[in-house]
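Have a look at run-v3.cif; it's mmCIF, C-alpha atoms and all ligand atoms:
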data_run
#
loop_
_atom_site.group_PDB
_atom_site.id
_atom_site.type_symbol
_atom_site.label_atom_id
_atom_site.label_comp_id
_atom_site.auth_asym_id
_atom_site.auth_seq_id
_atom_site.Cartn_x
_atom_site.Cartn_y
_atom_site.Cartn_z
ATOM 1 C CA MET A 33 -26.797 21.732 -29.402
ATOM 2 C CA ALA A 34 -23.845 23.741 -28.102
ATOM 3 C CA GLY A 35 -24.109 23.781 -24.279
ATOM 4 C CA ALA A 36 -25.997 20.422 -24.203
ATOM 5 C CA LYS A 37 -25.280 18.160 -21.249
ATOM 6 C CA PRO A 38 -23.124 15.160 -22.239
ATOM 7 C CA VAL A 39 -24.422 11.764 -21.152
ATOM 8 C CA THR A 40 -20.957 10.241 -20.888
ATOM 9 C CA ARG A 41 -17.272 11.041 -21.272
ATOM 10 C CA LEU A 42 -14.797 9.164 -23.464
ATOM 11 C CA TYR A 43 -11.063 9.167 -24.084
ATOM 12 C CA VAL A 44 -10.316 9.117 -27.825
ATOM 13 C CA GLU A 45 -7.123 9.135 -29.846
ATOM 14 C CA ALA A 46 -8.201 11.458 -32.672
ATOM 15 C CA VAL A 47 -7.173 15.100 -32.942
ATOM 16 C CA LEU A 48 -9.945 17.323 -31.546
ATOM 17 C CA ALA A 49 -10.630 20.626 -33.330
ATOM 18 C CA ALA A 50 -13.553 22.801 -34.423
ATOM 19 C CA ASP A 51 -15.806 21.536 -37.254
ATOM 20 C CA GLN A 52 -14.225 18.057 -37.278
ATOM 21 C CA THR A 53 -15.898 14.679 -37.453
ATOM 22 C CA ILE A 54 -14.098 11.808 -35.772
ATOM 23 C CA GLY A 55 -14.590 8.032 -35.847
ATOM 24 C CA LEU A 56 -14.576 5.777 -32.795
ATOM 25 C CA ASP A 57 -12.973 2.345 -32.569
ATOM 26 C CA HIS A 58 -15.023 -0.834 -32.308
ATOM 27 C CA ALA A 59 -14.934 -1.054 -28.498
ATOM 28 C CA ARG A 60 -16.094 2.513 -27.903
ATOM 29 C CA ALA A 61 -18.762 2.321 -30.595
ATOM 30 C CA HIS A 62 -20.048 -0.902 -29.012
ATOM 31 C CA PHE A 63 -20.079 0.762 -25.587
ATOM 32 C CA LEU A 64 -22.187 3.689 -26.813
ATOM 33 C CA ARG A 65 -24.576 1.573 -28.860
ATOM 34 C CA SER A 66 -25.030 -1.610 -26.859
ATOM 35 C CA VAL A 67 -24.173 -0.662 -23.276
ATOM 36 C CA LEU A 68 -25.451 2.928 -23.046
ATOM 37 C CA ARG A 69 -28.007 2.376 -25.850
ATOM 38 C CA LEU A 70 -27.371 5.794 -27.358
ATOM 39 C CA GLY A 71 -28.362 6.783 -30.860
ATOM 40 C CA PRO A 72 -27.736 9.620 -33.331
ATOM 41 C CA GLY A 73 -28.196 13.057 -31.762
ATOM 42 C CA ALA A 74 -26.948 12.059 -28.282
ATOM 43 C CA CYS A 75 -24.163 14.242 -26.866
ATOM 44 C CA LEU A 76 -21.019 13.153 -25.063
ATOM 45 C CA ALA A 77 -17.754 14.716 -23.931
ATOM 46 C CA VAL A 78 -14.468 13.576 -25.478
ATOM 47 C CA PHE A 79 -10.826 14.253 -24.596
ATOM 48 C CA ASN A 80 -7.511 13.005 -25.953
ATOM 49 C CA GLY A 81 -4.908 14.209 -23.440
ATOM 50 C CA ARG A 82 -3.763 17.046 -25.725
ATOM 51 C CA ASP A 83 -6.664 19.190 -27.000
ATOM 52 C CA GLY A 84 -8.765 19.738 -23.864
ATOM 53 C CA GLU A 85 -12.350 18.469 -23.721
ATOM 54 C CA TRP A 86 -14.975 18.767 -26.459
ATOM 55 C CA LEU A 87 -18.723 18.384 -26.671
ATOM 56 C CA ALA A 88 -19.500 15.869 -29.412
ATOM 57 C CA GLN A 89 -22.728 14.652 -30.988
ATOM 58 C CA ILE A 90 -23.338 11.198 -32.428
ATOM 59 C CA GLU A 91 -23.852 11.610 -36.181
ATOM 60 C CA GLY A 92 -24.029 7.982 -37.133
ATOM 61 C CA LEU A 93 -23.796 4.722 -35.199
ATOM 62 C CA GLY A 94 -23.788 1.100 -36.355
ATOM 63 C CA LYS A 95 -22.365 -2.278 -35.407
ATOM 64 C CA GLY A 96 -18.739 -1.526 -34.459
ATOM 65 C CA TRP A 97 -18.608 2.020 -35.820
ATOM 66 C CA CYS A 98 -19.597 5.502 -34.707
ATOM 67 C CA SER A 99 -18.980 8.981 -36.077
ATOM 68 C CA LEU A 100 -19.024 12.047 -33.840
ATOM 69 C CA ALA A 101 -19.319 15.711 -34.812
ATOM 70 C CA LEU A 102 -17.320 18.010 -32.535
ATOM 71 C CA LEU A 103 -19.575 20.888 -31.458
ATOM 72 C CA GLU A 104 -17.567 23.063 -29.078
ATOM 73 C CA GLN A 105 -14.592 23.011 -26.759
ATOM 74 C CA ARG A 106 -15.699 22.717 -23.122
ATOM 75 C CA ARG A 107 -12.277 22.908 -21.446
ATOM 76 C CA VAL A 108 -8.838 23.820 -22.691
ATOM 77 C CA ALA A 109 -5.766 21.668 -22.018
ATOM 78 C CA ALA A 110 -3.966 22.702 -18.823
ATOM 79 C CA PRO A 111 -0.671 21.715 -17.231
ATOM 80 C CA GLU A 112 -0.941 18.949 -14.641
ATOM 81 C CA PRO A 113 1.404 17.907 -11.831
ATOM 82 C CA ASP A 114 4.197 15.619 -13.026
ATOM 83 C CA LEU A 115 4.062 12.794 -10.479
ATOM 84 C CA TRP A 116 4.932 9.190 -11.316
ATOM 85 C CA LEU A 117 3.904 6.180 -9.272
ATOM 86 C CA VAL A 118 6.653 3.545 -9.241
ATOM 87 C CA PHE A 119 5.407 0.394 -7.546
ATOM 88 C CA ALA A 120 6.189 -3.257 -7.002
ATOM 89 C CA PRO A 121 3.314 -5.232 -8.553
ATOM 90 C CA ILE A 122 0.787 -6.787 -6.192
ATOM 91 C CA LYS A 123 -2.134 -9.205 -6.708
ATOM 92 C CA ARG A 124 -4.687 -8.580 -9.440
ATOM 93 C CA ALA A 125 -7.590 -6.889 -7.633
ATOM 94 C CA ARG A 126 -5.227 -4.689 -5.655
ATOM 95 C CA ILE A 127 -3.068 -3.634 -8.603
ATOM 96 C CA ASP A 128 -6.222 -2.729 -10.569
ATOM 97 C CA PHE A 129 -7.425 -0.703 -7.594
ATOM 98 C CA MET A 130 -4.028 0.997 -7.356
ATOM 99 C CA ALA A 131 -4.019 1.981 -11.052
ATOM 100 C CA GLU A 132 -7.563 3.327 -10.839
ATOM 101 C CA LYS A 133 -6.986 5.350 -7.669
ATOM 102 C CA ALA A 134 -3.553 6.657 -8.703
ATOM 103 C CA THR A 135 -5.231 7.973 -11.865
ATOM 104 C CA GLU A 136 -8.006 9.654 -9.878
ATOM 105 C CA LEU A 137 -5.347 11.191 -7.655
ATOM 106 C CA GLY A 138 -3.582 12.667 -10.670
ATOM 107 C CA CYS A 139 -0.461 10.553 -11.322
ATOM 108 C CA SER A 140 1.054 11.235 -14.734
ATOM 109 C CA LEU A 141 2.707 7.814 -15.225
ATOM 110 C CA LEU A 142 2.489 4.325 -13.704
ATOM 111 C CA GLN A 143 5.720 2.313 -13.619
ATOM 112 C CA PRO A 144 5.634 -1.298 -12.359
ATOM 113 C CA MET A 145 8.978 -2.451 -10.939
ATOM 114 C CA MET A 146 10.199 -5.950 -9.981
ATOM 115 C CA THR A 147 11.968 -5.990 -6.619
ATOM 116 C CA ARG A 148 13.631 -8.841 -4.740
ATOM 117 C CA PHE A 149 10.527 -9.811 -2.740
ATOM 118 C CA THR A 150 7.926 -9.155 -5.450
ATOM 119 C CA ALA A 151 5.684 -12.230 -5.462
ATOM 120 C CA VAL A 152 3.800 -11.445 -8.701
ATOM 121 C CA SER A 153 5.630 -12.767 -11.774
ATOM 122 C CA ARG A 154 3.702 -11.114 -14.617
ATOM 123 C CA VAL A 155 2.064 -7.715 -14.992
ATOM 124 C CA ASN A 156 -0.686 -7.076 -17.518
ATOM 125 C CA GLU A 157 0.187 -3.517 -18.502
ATOM 126 C CA GLU A 158 -2.662 -3.402 -21.040
ATOM 127 C CA ARG A 159 -5.201 -4.087 -18.321
ATOM 128 C CA LEU A 160 -3.641 -1.419 -16.119
ATOM 129 C CA ALA A 161 -3.842 1.057 -19.009
ATOM 130 C CA ALA A 162 -7.542 0.214 -19.488
ATOM 131 C CA ASN A 163 -8.157 0.805 -15.759
ATOM 132 C CA ALA A 164 -6.328 4.119 -15.974
ATOM 133 C CA ARG A 165 -8.300 5.212 -19.037
ATOM 134 C CA GLU A 166 -11.635 4.399 -17.412
ATOM 135 C CA ALA A 167 -10.660 6.210 -14.207
ATOM 136 C CA ALA A 168 -9.599 9.281 -16.211
ATOM 137 C CA GLU A 169 -12.947 9.267 -18.030
ATOM 138 C CA GLN A 170 -14.851 9.146 -14.759
ATOM 139 C CA SER A 171 -12.771 11.633 -12.797
ATOM 140 C CA GLU A 172 -12.964 14.552 -15.267
ATOM 141 C CA ARG A 173 -9.228 14.348 -15.955
ATOM 142 C CA LEU A 174 -8.058 15.773 -19.261
ATOM 143 C CA THR A 175 -5.224 13.254 -19.582
ATOM 144 C CA VAL A 176 -4.649 9.525 -19.064
ATOM 145 C CA PRO A 177 -1.470 8.412 -17.281
ATOM 146 C CA GLU A 178 1.018 6.481 -19.377
ATOM 147 C CA VAL A 179 1.563 2.877 -18.216
ATOM 148 C CA ARG A 180 5.156 1.766 -18.795
ATOM 149 C CA GLU A 181 6.498 -1.738 -19.332
ATOM 150 C CA THR A 182 7.565 -3.465 -16.124
ATOM 151 C CA VAL A 183 11.279 -3.069 -15.337
ATOM 152 C CA SER A 184 13.639 -4.455 -12.717
ATOM 153 C CA PHE A 185 14.595 -2.370 -9.683
ATOM 154 C CA ALA A 186 18.231 -2.185 -10.919
ATOM 155 C CA ARG A 187 17.275 -1.180 -14.467
ATOM 156 C CA LEU A 188 14.908 1.480 -13.173
ATOM 157 C CA LEU A 189 17.598 3.132 -11.087
ATOM 158 C CA GLU A 190 20.218 2.902 -13.887
ATOM 159 C CA SER A 191 17.947 4.800 -16.229
ATOM 160 C CA TRP A 192 16.421 7.212 -13.690
ATOM 161 C CA PRO A 193 15.706 10.530 -15.456
ATOM 162 C CA GLN A 194 17.791 13.489 -14.498
ATOM 163 C CA GLY A 195 15.977 16.096 -12.410
ATOM 164 C CA ARG A 196 13.155 13.817 -11.188
ATOM 165 C CA ARG A 197 13.071 13.434 -7.409
ATOM 166 C CA LEU A 198 11.869 10.303 -5.676
ATOM 167 C CA LEU A 199 9.839 9.903 -2.497
ATOM 168 C CA VAL A 200 10.449 6.347 -1.255
ATOM 169 C CA CYS A 201 7.886 4.904 1.155
ATOM 170 C CA ALA A 202 10.194 3.057 3.526
ATOM 171 C CA GLU A 203 8.498 0.894 6.127
ATOM 172 C CA TRP A 204 11.594 0.621 8.310
ATOM 173 C CA GLY A 205 14.821 2.470 9.136
ATOM 174 C CA ALA A 206 15.439 6.161 9.754
ATOM 175 C CA VAL A 207 12.959 8.276 7.812
ATOM 176 C CA GLN A 208 11.254 11.616 8.066
ATOM 177 C CA PRO A 209 7.462 11.536 8.457
ATOM 178 C CA ILE A 210 5.981 12.304 5.034
ATOM 179 C CA ALA A 211 4.220 15.545 6.064
ATOM 180 C CA GLU A 212 7.416 16.951 7.575
ATOM 181 C CA ALA A 213 9.503 16.019 4.508
ATOM 182 C CA LEU A 214 7.018 17.524 2.040
ATOM 183 C CA GLN A 215 6.591 20.751 4.033
ATOM 184 C CA ALA A 216 10.378 21.204 4.057
ATOM 185 C CA ILE A 217 10.571 20.613 0.281
ATOM 186 C CA ARG A 218 7.754 23.101 -0.261
ATOM 187 C CA ALA A 219 9.438 25.715 1.941
ATOM 188 C CA GLU A 220 12.642 25.261 -0.120
ATOM 189 C CA ALA A 221 10.703 25.662 -3.377
ATOM 190 C CA GLU A 222 8.947 28.787 -2.108
ATOM 191 C CA GLU A 223 12.283 30.544 -1.831
ATOM 192 C CA VAL A 224 12.726 30.285 -5.602
ATOM 193 C CA PRO A 225 10.668 32.580 -7.881
ATOM 194 C CA GLY A 226 7.709 30.732 -9.450
ATOM 195 C CA HIS A 227 7.835 28.071 -6.686
ATOM 196 C CA PRO A 228 9.021 25.252 -8.966
ATOM 197 C CA THR A 229 8.505 21.812 -7.432
ATOM 198 C CA GLY A 230 9.837 19.952 -10.471
ATOM 199 C CA PRO A 231 8.989 16.406 -11.515
ATOM 200 C CA TRP A 232 8.571 13.801 -8.773
ATOM 201 C CA ALA A 233 7.860 10.110 -8.265
ATOM 202 C CA VAL A 234 6.478 8.104 -5.359
ATOM 203 C CA MET A 235 7.834 4.555 -4.862
ATOM 204 C CA THR A 236 6.306 1.692 -2.887
ATOM 205 C CA GLY A 237 7.552 -1.831 -2.245
ATOM 206 C CA PRO A 238 5.823 -5.228 -2.583
ATOM 207 C CA GLU A 239 3.694 -6.957 0.054
ATOM 208 C CA GLY A 240 6.906 -8.570 1.343
ATOM 209 C CA GLY A 241 8.526 -5.147 1.695
ATOM 210 C CA PHE A 242 11.811 -3.814 0.304
ATOM 211 C CA ALA A 243 14.973 -5.881 0.815
ATOM 212 C CA GLU A 244 17.527 -4.268 3.117
ATOM 213 C CA SER A 245 19.945 -3.950 0.178
ATOM 214 C CA GLU A 246 17.297 -2.151 -1.906
ATOM 215 C CA LEU A 247 16.532 0.403 0.779
ATOM 216 C CA ASP A 248 20.282 0.889 1.378
ATOM 217 C CA ALA A 249 20.822 1.520 -2.354
ATOM 218 C CA LEU A 250 17.933 3.966 -2.474
ATOM 219 C CA ARG A 251 19.084 5.927 0.566
ATOM 220 C CA LYS A 252 22.454 6.606 -1.111
ATOM 221 C CA LEU A 253 20.922 8.276 -4.165
ATOM 222 C CA PRO A 254 20.945 12.086 -4.136
ATOM 223 C CA PHE A 255 17.467 12.371 -5.650
ATOM 224 C CA VAL A 256 15.789 10.110 -3.038
ATOM 225 C CA THR A 257 13.842 11.249 0.022
ATOM 226 C CA PRO A 258 12.834 8.247 2.176
ATOM 227 C CA VAL A 259 9.621 8.878 4.095
ATOM 228 C CA GLY A 260 7.447 7.154 6.678
ATOM 229 C CA LEU A 261 3.656 6.964 6.630
ATOM 230 C CA GLY A 262 3.140 6.502 10.358
ATOM 231 C CA PRO A 263 3.495 3.662 12.849
ATOM 232 C CA ARG A 264 1.250 1.122 11.106
ATOM 233 C CA ILE A 265 2.338 -1.217 8.299
ATOM 234 C CA LEU A 266 0.078 -0.371 5.377
ATOM 235 C CA ARG A 267 -0.749 -2.637 2.473
ATOM 236 C CA ALA A 268 1.198 -1.605 -0.605
ATOM 237 C CA ASP A 269 -1.860 -0.120 -2.327
ATOM 238 C CA THR A 270 -2.836 1.880 0.780
ATOM 239 C CA ALA A 271 0.736 3.161 1.132
ATOM 240 C CA ALA A 272 0.918 4.285 -2.508
ATOM 241 C CA LEU A 273 -2.367 6.151 -2.391
ATOM 242 C CA ALA A 274 -1.663 7.761 0.985
ATOM 243 C CA ALA A 275 1.716 9.037 -0.273
ATOM 244 C CA ILE A 276 0.270 10.357 -3.554
ATOM 245 C CA ALA A 277 -2.526 12.156 -1.685
ATOM 246 C CA CYS A 278 -0.007 13.776 0.692
ATOM 247 C CA TRP A 279 2.210 14.858 -2.238
ATOM 248 C CA GLN A 280 -0.743 16.352 -4.115
ATOM 249 C CA ALA A 281 -1.930 18.196 -0.997
ATOM 250 C CA VAL A 282 1.438 19.811 -0.310
ATOM 251 C CA LEU A 283 3.266 20.063 -3.665
ATOM 252 C CA GLY A 284 0.617 19.296 -6.276
ATOM 253 C CA ASP A 285 -2.810 20.566 -7.299
ATOM 254 C CA GLY A 286 -4.685 19.646 -4.107
ATOM 255 C CA ALA A 287 -5.812 23.245 -3.583
ATOM 256 C CA ARG A 288 -7.690 23.438 -6.916
ATOM 257 C CA ARG A 289 -11.439 22.721 -7.220
ATOM 258 C CA PRO A 290 -13.131 20.202 -9.558
ATOM 259 C CA PRO A 291 -14.872 21.590 -12.689
ATOM 260 C CA ALA A 292 -18.250 21.313 -10.910
ATOM 261 C CA ALA A 293 -20.348 23.399 -13.307
ATOM 262 C CA LEU A 294 -19.194 21.341 -16.290
ATOM 263 C CA ALA A 295 -19.865 18.048 -14.551
ATOM 264 C CA GLY A 296 -23.504 19.047 -14.274
ATOM 265 C CA PHE A 297 -23.533 19.985 -10.596
ATOM 266 C CA PRO A 298 -24.489 23.549 -9.682
ATOM 267 C CA ALA A 299 -21.466 25.583 -8.599
ATOM 268 C CA PRO A 300 -21.634 26.477 -4.876
ATOM 269 C CA GLU A 301 -22.721 30.050 -4.222
ATOM 270 C CA GLY A 302 -20.363 32.748 -2.931
HETATM 271 N N1 LIG B 401 6.356 -6.898 4.772
HETATM 272 C C1 LIG B 401 6.669 -5.593 5.213
HETATM 273 C C2 LIG B 401 6.832 -5.558 6.718
HETATM 274 O O1 LIG B 401 6.078 -6.251 7.374
HETATM 275 O O2 LIG B 401 7.655 -4.760 7.192
HETATM 276 C C3 LIG B 401 5.548 -4.644 4.824
HETATM 277 C C4 LIG B 401 5.528 -4.206 3.427
HETATM 278 S S1 LIG B 401 4.186 -3.153 3.077
HETATM 279 C C5 LIG B 401 2.867 -4.296 3.082
HETATM 280 C C6 LIG B 401 4.372 -2.734 1.395
HETATM 281 C C7 LIG B 401 5.009 -1.419 1.120
HETATM 282 O O3 LIG B 401 4.172 -0.353 1.573
HETATM 283 C C8 LIG B 401 6.337 -1.154 1.779
HETATM 284 O O4 LIG B 401 7.411 -1.721 1.063
HETATM 285 C C9 LIG B 401 6.398 0.370 1.785
HETATM 286 O O5 LIG B 401 6.815 0.872 0.531
HETATM 287 C C10 LIG B 401 4.962 0.739 2.025
HETATM 288 N N2 LIG B 401 4.632 0.973 3.459
HETATM 289 C C11 LIG B 401 3.777 0.281 4.223
HETATM 290 N N3 LIG B 401 3.668 0.817 5.423
HETATM 291 C C12 LIG B 401 4.487 1.900 5.465
HETATM 292 C C13 LIG B 401 4.808 2.878 6.444
HETATM 293 N N4 LIG B 401 4.272 2.862 7.655
HETATM 294 N N5 LIG B 401 5.679 3.856 6.096
HETATM 295 C C14 LIG B 401 6.229 3.895 4.861
HETATM 296 N N6 LIG B 401 5.972 2.985 3.898
HETATM 297 C C15 LIG B 401 5.106 2.006 4.184
#

Since I need it in another form, could you write the structure as structure tokens?
Ligand code: SAM
Amino acid sequence: MAGAKPVTRLYVEAVLAADQTIGLDHARAHFLRSVLRLGPGACLAVFNGRDGEWLAQIEGLGKGWCSLALLEQRRVAAPEPDLWLVFAPIKRARIDFMAEKATELGCSLLQPMMTRFTAVSRVNEERLAANAREAAEQSERLTVPEVRETVSFARLLESWPQGRRLLVCAEWGAVQPIAEALQAIRAEAEEVPGHPTGPWAVMTGPEGGFAESELDALRKLPFVTPVGLGPRILRADTAALAAIACWQAVLGDGARRPPAALAGFPAPEG
């Protein structure tokens, strides 16, 4: 069975190690049994954000339970870029979209933040975490981004972690274009052995935009780089994803290739 092609990929909480059997929770067991209609003997890939990815085989499956035998490790855990997305919440479909796409684009943490003009009063962090988990399962990620409790703009800045730099998407005022700012940061990093880029975050405002006082406060902080995303006003979700993609391309893992052979696609020749 080692080397078998998995029919699906699941995030699990259990420790993953050779010769182990793990149990799945009710929701995942139901998904395998009633949605995918799998039975004993079927193979799937599992990952837990710490122990890489493993090939697992269904040993037993019933109503609300499933046991999996771990057959072999398919991929080992690897360091990932440390990029947070800090965002003012937006309406339901768009915030779900944002969480899903930010996960596909490799964000390590999603932090909702209430700003002065945020129109949404409540954030369902559990739903965002479910979106992130599903997107990680489908995008071959080995980790799932953490989703933090919503905080106020002031609280967020008071407790900002030392050493983490912040790219603020500022729709007005003096800013550097994002490509120019990131290239300069990369050039600076390349002068230091090992090219450390350090931990970063991208921040976007609500549909109503940042208040003048918020952008003024941000511009005064030594760890903030305000950037522009061009002459058009983007929706908040578009702005977040455009900024994350730019950051990954210049400072992150944008130059690496997907694990094509493992996903079941033939690796390109040459
Ligand atoms: N109501 C605002 C206005 O008309 O000026 C627009 C806010 S925009 C819909 C939401 C957020 O996306 C902004 O707060 C900003 O973070 C980001 N954003 C949108 N367009 C941008 C641009 N061209 N450059 C930088 N950030 C942008």

**Q.** Contacts of range 250-261 of chain A within 7 Å, only C-alpha atoms, excl. fewer than 2 positions in-chain, as JSON, numbers by chain
**A.** {"A": [197, 198, 199, 200, 201, 202, 203, 207, 208, 209, 210, 246, 247, 248]}

Q | Best match for closeness to ligand LIG 401 (chain B) among A:Arg60, A:Arg196, A:Arg165, A:Arg148, counting all atoms listed in the file | A | A:Arg148

Would you place a box with edges along x, y and z of the file around all atoms of ligand LIG 401 (chain B) listed there, add 5 Å to each of its six sides, and report the centre and edge lengths in Å to one decimal, as JSON?
{"center_x": 5.3, "center_y": -1.5, "center_z": 4.1, "size_x": 14.8, "size_y": 20.8, "size_z": 17.1}

Q: For Asn163 in chain A, list every protein, DNA or RNA residue within 12 Å, evaluated using all atoms listed in the file, and leave out those in the same chain fewer than 5 positions away; present the list as a PyMOL selection string.
A: chain A and resi 124-136+142+156-158+168-170+176-179

Q: Using all atoms listed in the file, determine which residues lie at most 7 Å from range 104-114 of chain A, disregarding the query and same-chain residues fewer than 3 positions distant; provide the list as JSON, numbers by chain.
A: {"A": [34, 50, 82, 83, 84, 85, 86, 87, 140, 174, 231, 232, 284, 285]}

Pull C-alpha atoms from the residues just selected and write them as a PDB file, in the coordinates of the input.
ATOM      1  CA  ALA A  34     -23.845  23.741 -28.102  1.00  0.00           C
ATOM      2  CA  ALA A  50     -13.553  22.801 -34.423  1.00  0.00           C
ATOM      3  CA  ARG A  82      -3.763  17.046 -25.725  1.00  0.00           C
ATOM      4  CA  ASP A  83      -6.664  19.190 -27.000  1.00  0.00           C
ATOM      5  CA  GLY A  84      -8.765  19.738 -23.864  1.00  0.00           C
ATOM      6  CA  GLU A  85     -12.350  18.469 -23.721  1.00  0.00           C
ATOM      7  CA  TRP A  86     -14.975  18.767 -26.459  1.00  0.00           C
ATOM      8  CA  LEU A  87     -18.723  18.384 -26.671  1.00  0.00           C
ATOM      9  CA  SER A 140       1.054  11.235 -14.734  1.00  0.00           C
ATOM     10  CA  LEU A 174      -8.058  15.773 -19.261  1.00  0.00           C
ATOM     11  CA  PRO A 231       8.989  16.406 -11.515  1.00  0.00           C
ATOM     12  CA  TRP A 232       8.571  13.801  -8.773  1.00  0.00           C
ATOM     13  CA  GLY A 284       0.617  19.296  -6.276  1.00  0.00           C
ATOM     14  CA  ASP A 285      -2.810  20.566  -7.299  1.00  0.00           C
TER      15      ASP A 285
END

Pick out the residues no farther than 8 Å from ligand LIG 401 (chain B), counting all atoms listed in the file, and list them as a PDB file with C-alpha atoms, in the frame of the given file.
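Saved to selection.pdb:
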ATOM      1  CA  VAL A 200      10.449   6.347  -1.255  1.00  0.00           C
ATOM      2  CA  CYS A 201       7.886   4.904   1.155  1.00  0.00           C
ATOM      3  CA  ALA A 202      10.194   3.057   3.526  1.00  0.00           C
ATOM      4  CA  GLU A 203       8.498   0.894   6.127  1.00  0.00           C
ATOM      5  CA  TRP A 204      11.594   0.621   8.310  1.00  0.00           C
ATOM      6  CA  MET A 235       7.834   4.555  -4.862  1.00  0.00           C
ATOM      7  CA  THR A 236       6.306   1.692  -2.887  1.00  0.00           C
ATOM      8  CA  GLY A 237       7.552  -1.831  -2.245  1.00  0.00           C
ATOM      9  CA  PRO A 238       5.823  -5.228  -2.583  1.00  0.00           C
ATOM     10  CA  GLU A 239       3.694  -6.957   0.054  1.00  0.00           C
ATOM     11  CA  GLY A 240       6.906  -8.570   1.343  1.00  0.00           C
ATOM     12  CA  GLY A 241       8.526  -5.147   1.695  1.00  0.00           C
ATOM     13  CA  PHE A 242      11.811  -3.814   0.304  1.00  0.00           C
ATOM     14  CA  VAL A 259       9.621   8.878   4.095  1.00  0.00           C
ATOM     15  CA  GLY A 260       7.447   7.154   6.678  1.00  0.00           C
ATOM     16  CA  LEU A 261       3.656   6.964   6.630  1.00  0.00           C
ATOM     17  CA  GLY A 262       3.140   6.502  10.358  1.00  0.00           C
ATOM     18  CA  PRO A 263       3.495   3.662  12.849  1.00  0.00           C
ATOM     19  CA  ARG A 264       1.250   1.122  11.106  1.00  0.00           C
ATOM     20  CA  ILE A 265       2.338  -1.217   8.299  1.00  0.00           C
ATOM     21  CA  LEU A 266       0.078  -0.371   5.377  1.00  0.00           C
ATOM     22  CA  ARG A 267      -0.749  -2.637   2.473  1.00  0.00           C
ATOM     23  CA  ALA A 268       1.198  -1.605  -0.605  1.00  0.00           C
ATOM     24  CA  ASP A 269      -1.860  -0.120  -2.327  1.00  0.00           C
ATOM     25  CA  THR A 270      -2.836   1.880   0.780  1.00  0.00           C
ATOM     26  CA  ALA A 271       0.736   3.161   1.132  1.00  0.00           C
ATOM     27  CA  ALA A 272       0.918   4.285  -2.508  1.00  0.00           C
TER      28      ALA A 272
END

Q) In terms of the shortest atom-to-atom distance over all atoms listed in the file, which of A:Ala88, A:Ala221, A:Val282, A:Ala249 is closest to Leu189 in chain A? A) A:Ala249

Q. With distances taken over only C-alpha atoms, which of A:Glu172, A:Glu222, A:Glu190, A:Glu212 is nearest to Pro291 in chain A?
A.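 Of all the options, A:Glu172 lies closest to Pro291 in chain A.
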
Q: Find the spatial neighbours of Ala186 in chain A, counting only C-alpha atoms, within a cut-off of 10 Å - ignore same-chain residues fewer than 5 positions away - and output them as a list of chain:residue names.
A: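 Once the nearby chain positions are removed, what remains is A:Met145, A:Met146, A:Thr147, A:Ser191, A:Trp192, A:Glu246, A:Ala249.
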
Q) Looking at A:Val78, A:Val39, A:Leu64, A:Val183, which one is nearest to Gly96 in chain A, with distances taken over all atoms listed in the file? A)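 Comparing A:Val78, A:Val39, A:Leu64, A:Val183 against Gly96 in chain A, the winner is A:Leu64.
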
Can I get C-alpha atoms for range 62-81 of chain A, as a PDB file, in the first residue's frame?
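Now in result.pdb:
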ATOM      1  CA  HIS A  62     -18.784  11.584   8.424  1.00  0.00           C
ATOM      2  CA  PHE A  63     -17.075  13.327   5.502  1.00  0.00           C
ATOM      3  CA  LEU A  64     -15.134  10.199   4.518  1.00  0.00           C
ATOM      4  CA  ARG A  65     -18.050   7.817   4.970  1.00  0.00           C
ATOM      5  CA  SER A  66     -21.090   9.754   3.809  1.00  0.00           C
ATOM      6  CA  VAL A  67     -19.731  12.428   1.469  1.00  0.00           C
ATOM      7  CA  LEU A  68     -16.809  10.638  -0.216  1.00  0.00           C
ATOM      8  CA  ARG A  69     -18.357   7.183   0.390  1.00  0.00           C
ATOM      9  CA  LEU A  70     -15.009   5.628   1.249  1.00  0.00           C
ATOM     10  CA  GLY A  71     -14.601   2.345   3.061  1.00  0.00           C
ATOM     11  CA  PRO A  72     -11.846   0.320   4.752  1.00  0.00           C
ATOM     12  CA  GLY A  73      -8.717   0.025   2.605  1.00  0.00           C
ATOM     13  CA  ALA A  74      -9.046   3.473   0.972  1.00  0.00           C
ATOM     14  CA  CYS A  75      -5.960   5.695   1.231  1.00  0.00           C
ATOM     15  CA  LEU A  76      -5.789   9.381   2.070  1.00  0.00           C
ATOM     16  CA  ALA A  77      -3.128  11.930   2.968  1.00  0.00           C
ATOM     17  CA  VAL A  78      -3.117  13.525   6.424  1.00  0.00           C
ATOM     18  CA  PHE A  79      -1.165  16.433   7.920  1.00  0.00           C
ATOM     19  CA  ASN A  80      -1.235  18.204  11.273  1.00  0.00           C
ATOM     20  CA  GLY A  81       0.925  21.309  10.786  1.00  0.00           C
TER      21      GLY A  81
END
